[in-house]
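Read the structure below first, then the notes.
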Amino acid sequence: MSRSVNKVILVGNAGRDPDVQTTASGTKVAHLSLATSRRVPRNGSYEERTEWHRLTLWDRLAELAENYVRKGDRLYVEGRMEYDSYEKNGVTIPTAEVSVRELVLLGAPRGAAGADADGDGADDEAADDDAADDDAADDDA
């Protein structure tokens with residue numbers, strides 16, 4: 001029996017904030033678009049071409065996207081292509097999307113709403129003051 005592979009790897013920028021919904025059974029699903037671009041030679045110079053990819057994330061990946069992914073964020077995604085179609089006004093519309101199984105946020109971490117820059121929830125200035133107090137106590141001893 002021959003083996004087949006359906007694997008997609010994309011690195012690009014989120015085109016919009018994730019649209020997160022919950023199914024009737026309580027499973028989270030997130031949809032977002034990802035833009036990839038490439039330079040194509042044209043008339044002696046280069047033209048930038050952008051391709052748009054529809055992404056679907058389930059369960060914990062959907063939660064991760066909901067909490068951390070925002071429009072413009074650089075992402076690495078791995079998944080598989082899935083094709084479907086629907087009918088609109090008597091016309092069959094084909095669709096293609098990437099069902100994501102791995103998501104890596106590239107770039108500086110941003111954290112969820114209300115979190116501090118390094119994501120530890122601590123007041124860094126107060127932590128620095130405590131460290132300075134500890135150093136002063138060590139000097140007195």
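Residue numbers start at 1 in each chain; chains themselves are named A, B, ... in the order of the structure tokens; ligands are numbered from 1 in the order shown.
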
| Skipping near chain neighbours, those fewer than 3 positions away, what residues fall within 10 Å of A:Tyr76 using only C-alpha atoms, listed as a PyMOL selection string? | chain A and resi 9-13+34+102-106

Any chance you can output those residues with N, CA and C atoms as a short mmCIF file (atom, residue, chain, number, x, y, z; two decimals), in the first residue's frame?
```cif
data_model
loop_
_atom_site.label_atom_id
_atom_site.label_comp_id
_atom_site.auth_asym_id
_atom_site.auth_seq_id
_atom_site.Cartn_x
_atom_site.Cartn_y
_atom_site.Cartn_z
N ILE A 9 2.89 23.81 5.52
CA ILE A 9 3.65 24.65 6.44
C ILE A 9 3.60 26.06 5.89
N LEU A 10 3.15 26.99 6.72
CA LEU A 10 3.05 28.39 6.32
C LEU A 10 3.68 29.29 7.37
N VAL A 11 4.35 30.34 6.92
CA VAL A 11 4.83 31.40 7.80
C VAL A 11 4.32 32.70 7.19
N GLY A 12 3.54 33.43 7.98
CA GLY A 12 2.97 34.67 7.46
C GLY A 12 2.39 35.51 8.58
N ASN A 13 1.56 36.48 8.20
CA ASN A 13 0.98 37.41 9.15
C ASN A 13 -0.53 37.21 9.24
N LEU A 34 -4.45 34.06 7.06
CA LEU A 34 -3.00 34.24 7.14
C LEU A 34 -2.52 34.70 5.77
N GLU A 102 -0.43 22.61 14.49
CA GLU A 102 0.66 23.22 15.26
C GLU A 102 0.70 24.70 14.95
N LEU A 103 0.85 25.51 16.00
CA LEU A 103 0.89 26.96 15.87
C LEU A 103 2.03 27.50 16.71
N VAL A 104 2.89 28.32 16.09
CA VAL A 104 3.99 28.95 16.81
C VAL A 104 3.89 30.45 16.57
N LEU A 105 3.84 31.22 17.65
CA LEU A 105 3.82 32.67 17.55
C LEU A 105 5.25 33.15 17.40
N LEU A 106 5.53 33.84 16.31
CA LEU A 106 6.87 34.36 16.06
C LEU A 106 6.90 35.83 16.46
#
```

| request: From stretch 28-107 of chain A, collect each residue whose DSSP state is alpha helix (DSSP H) and return the set as a list in words. | output: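 Restricting stretch 28-107 of chain A to alpha helix (DSSP H) produces Asp59, Arg60, Leu61, Ala62, Glu63, Leu64, Ala65, Glu66, Asn67 and Tyr68 of chain A.
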
Output file for the selection above: N, CA and C atoms, as a compact mmCIF listing (two decimals), in the first residue's frame:
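Full text of result23.txt as output:
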```txt
# COMPACT_ATOMS: atom_id res chain seq x y z
N ASP A 59 -10.03 23.36 19.70
CA ASP A 59 -9.73 23.09 21.10
C ASP A 59 -8.68 24.04 21.68
N ARG A 60 -7.58 23.49 22.16
CA ARG A 60 -6.55 24.31 22.84
C ARG A 60 -5.88 25.29 21.89
N LEU A 61 -5.70 24.91 20.63
CA LEU A 61 -5.13 25.85 19.67
C LEU A 61 -6.07 27.03 19.45
N ALA A 62 -7.37 26.77 19.46
CA ALA A 62 -8.35 27.86 19.33
C ALA A 62 -8.27 28.79 20.53
N GLU A 63 -8.11 28.23 21.73
CA GLU A 63 -7.96 29.05 22.93
C GLU A 63 -6.69 29.88 22.87
N LEU A 64 -5.60 29.26 22.43
CA LEU A 64 -4.33 29.98 22.31
C LEU A 64 -4.47 31.14 21.33
N ALA A 65 -5.12 30.89 20.19
CA ALA A 65 -5.32 31.95 19.21
C ALA A 65 -6.20 33.06 19.79
N GLU A 66 -7.25 32.68 20.50
CA GLU A 66 -8.16 33.66 21.10
C GLU A 66 -7.42 34.58 22.07
N ASN A 67 -6.52 34.01 22.86
CA ASN A 67 -5.83 34.78 23.90
C ASN A 67 -4.61 35.55 23.40
N TYR A 68 -3.94 35.05 22.37
CA TYR A 68 -2.64 35.63 22.02
C TYR A 68 -2.49 36.13 20.60
```

| request: Rank A:Arg70, A:Arg101, A:Arg16, A:Arg39 by their smallest atom-to-atom distance to A:Thr56, using only C-alpha atoms, and report the top residue only. | output: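 Going through A:Arg70, A:Arg101, A:Arg16, A:Arg39 one by one, the smallest distance to A:Thr56 is for A:Arg101.
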
| task | Could you give me the residues within stretch 13-114 of chain A that DSSP places in strand (DSSP E), as an NGL selection string? | result | :A and (13-14 or 19-22 or 28-42 or 45-58 or 74-88 or 91-106)

For those residues, write C-alpha atoms to a file as a short mmCIF file (atom, residue, chain, number, x, y, z; two decimals), in the first residue's frame.
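Full text of result17.cif as output:
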```
data_model
loop_
_atom_site.label_atom_id
_atom_site.label_comp_id
_atom_site.auth_asym_id
_atom_site.auth_seq_id
_atom_site.Cartn_x
_atom_site.Cartn_y
_atom_site.Cartn_z
CA ASN A 13 0.98 37.41 9.15
CA ALA A 14 -2.49 37.12 10.66
CA ASP A 19 -13.13 34.61 15.11
CA VAL A 20 -13.69 32.17 17.98
CA GLN A 21 -16.92 30.23 18.49
CA THR A 22 -18.00 27.34 20.66
CA LYS A 28 -13.85 25.92 20.73
CA VAL A 29 -13.09 26.59 17.07
CA ALA A 30 -11.20 29.61 15.71
CA HIS A 31 -11.07 30.91 12.15
CA LEU A 32 -8.57 33.44 10.86
CA SER A 33 -6.75 34.34 7.69
CA LEU A 34 -3.00 34.24 7.14
CA ALA A 35 -1.17 36.29 4.51
CA THR A 36 1.99 35.01 2.86
CA SER A 37 3.85 37.07 0.30
CA ARG A 38 6.54 36.54 -2.28
CA ARG A 39 8.43 38.66 -4.76
CA VAL A 40 7.86 37.95 -8.45
CA PRO A 41 10.00 39.43 -11.25
CA ARG A 42 7.94 41.70 -13.50
CA SER A 45 11.66 44.93 -11.23
CA TYR A 46 9.93 42.90 -8.56
CA GLU A 47 6.29 42.83 -7.63
CA GLU A 48 5.05 41.64 -4.26
CA ARG A 49 2.28 39.04 -4.43
CA THR A 50 0.19 38.19 -1.39
CA GLU A 51 -1.67 34.90 -0.98
CA TRP A 52 -4.44 34.54 1.61
CA HIS A 53 -4.99 31.28 3.49
CA ARG A 54 -8.01 30.36 5.61
CA LEU A 55 -7.05 28.68 8.90
CA THR A 56 -9.18 26.62 11.27
CA LEU A 57 -7.96 25.82 14.79
CA TRP A 58 -9.70 23.54 17.31
CA ARG A 74 3.73 36.70 12.59
CA LEU A 75 2.79 33.02 12.77
CA TYR A 76 4.21 29.62 11.86
CA VAL A 77 1.47 27.05 11.20
CA GLU A 78 1.49 23.37 10.28
CA GLY A 79 -1.59 21.48 9.26
CA ARG A 80 -3.42 19.76 6.43
CA MET A 81 -5.43 21.04 3.49
CA GLU A 82 -9.15 20.39 3.58
CA TYR A 83 -11.49 21.05 0.67
CA ASP A 84 -15.23 21.50 0.77
CA SER A 85 -17.96 23.36 -1.05
CA TYR A 86 -21.26 25.04 -0.37
CA GLU A 87 -24.11 26.22 -2.50
CA LYS A 88 -25.13 29.87 -2.76
CA VAL A 91 -23.99 28.05 -7.55
CA THR A 92 -21.52 25.63 -5.97
CA ILE A 93 -18.67 27.53 -4.27
CA PRO A 94 -15.49 25.50 -3.59
CA THR A 95 -13.52 26.25 -0.40
CA ALA A 96 -10.04 25.37 0.79
CA GLU A 97 -8.71 25.78 4.31
CA VAL A 98 -5.81 24.66 6.46
CA SER A 99 -6.78 22.61 9.50
CA VAL A 100 -4.01 23.68 11.89
CA ARG A 101 -2.34 21.12 14.16
CA GLU A 102 0.66 23.22 15.26
CA LEU A 103 0.89 26.96 15.87
CA VAL A 104 3.99 28.95 16.81
CA LEU A 105 3.82 32.67 17.55
CA LEU A 106 6.87 34.36 16.06
#
```
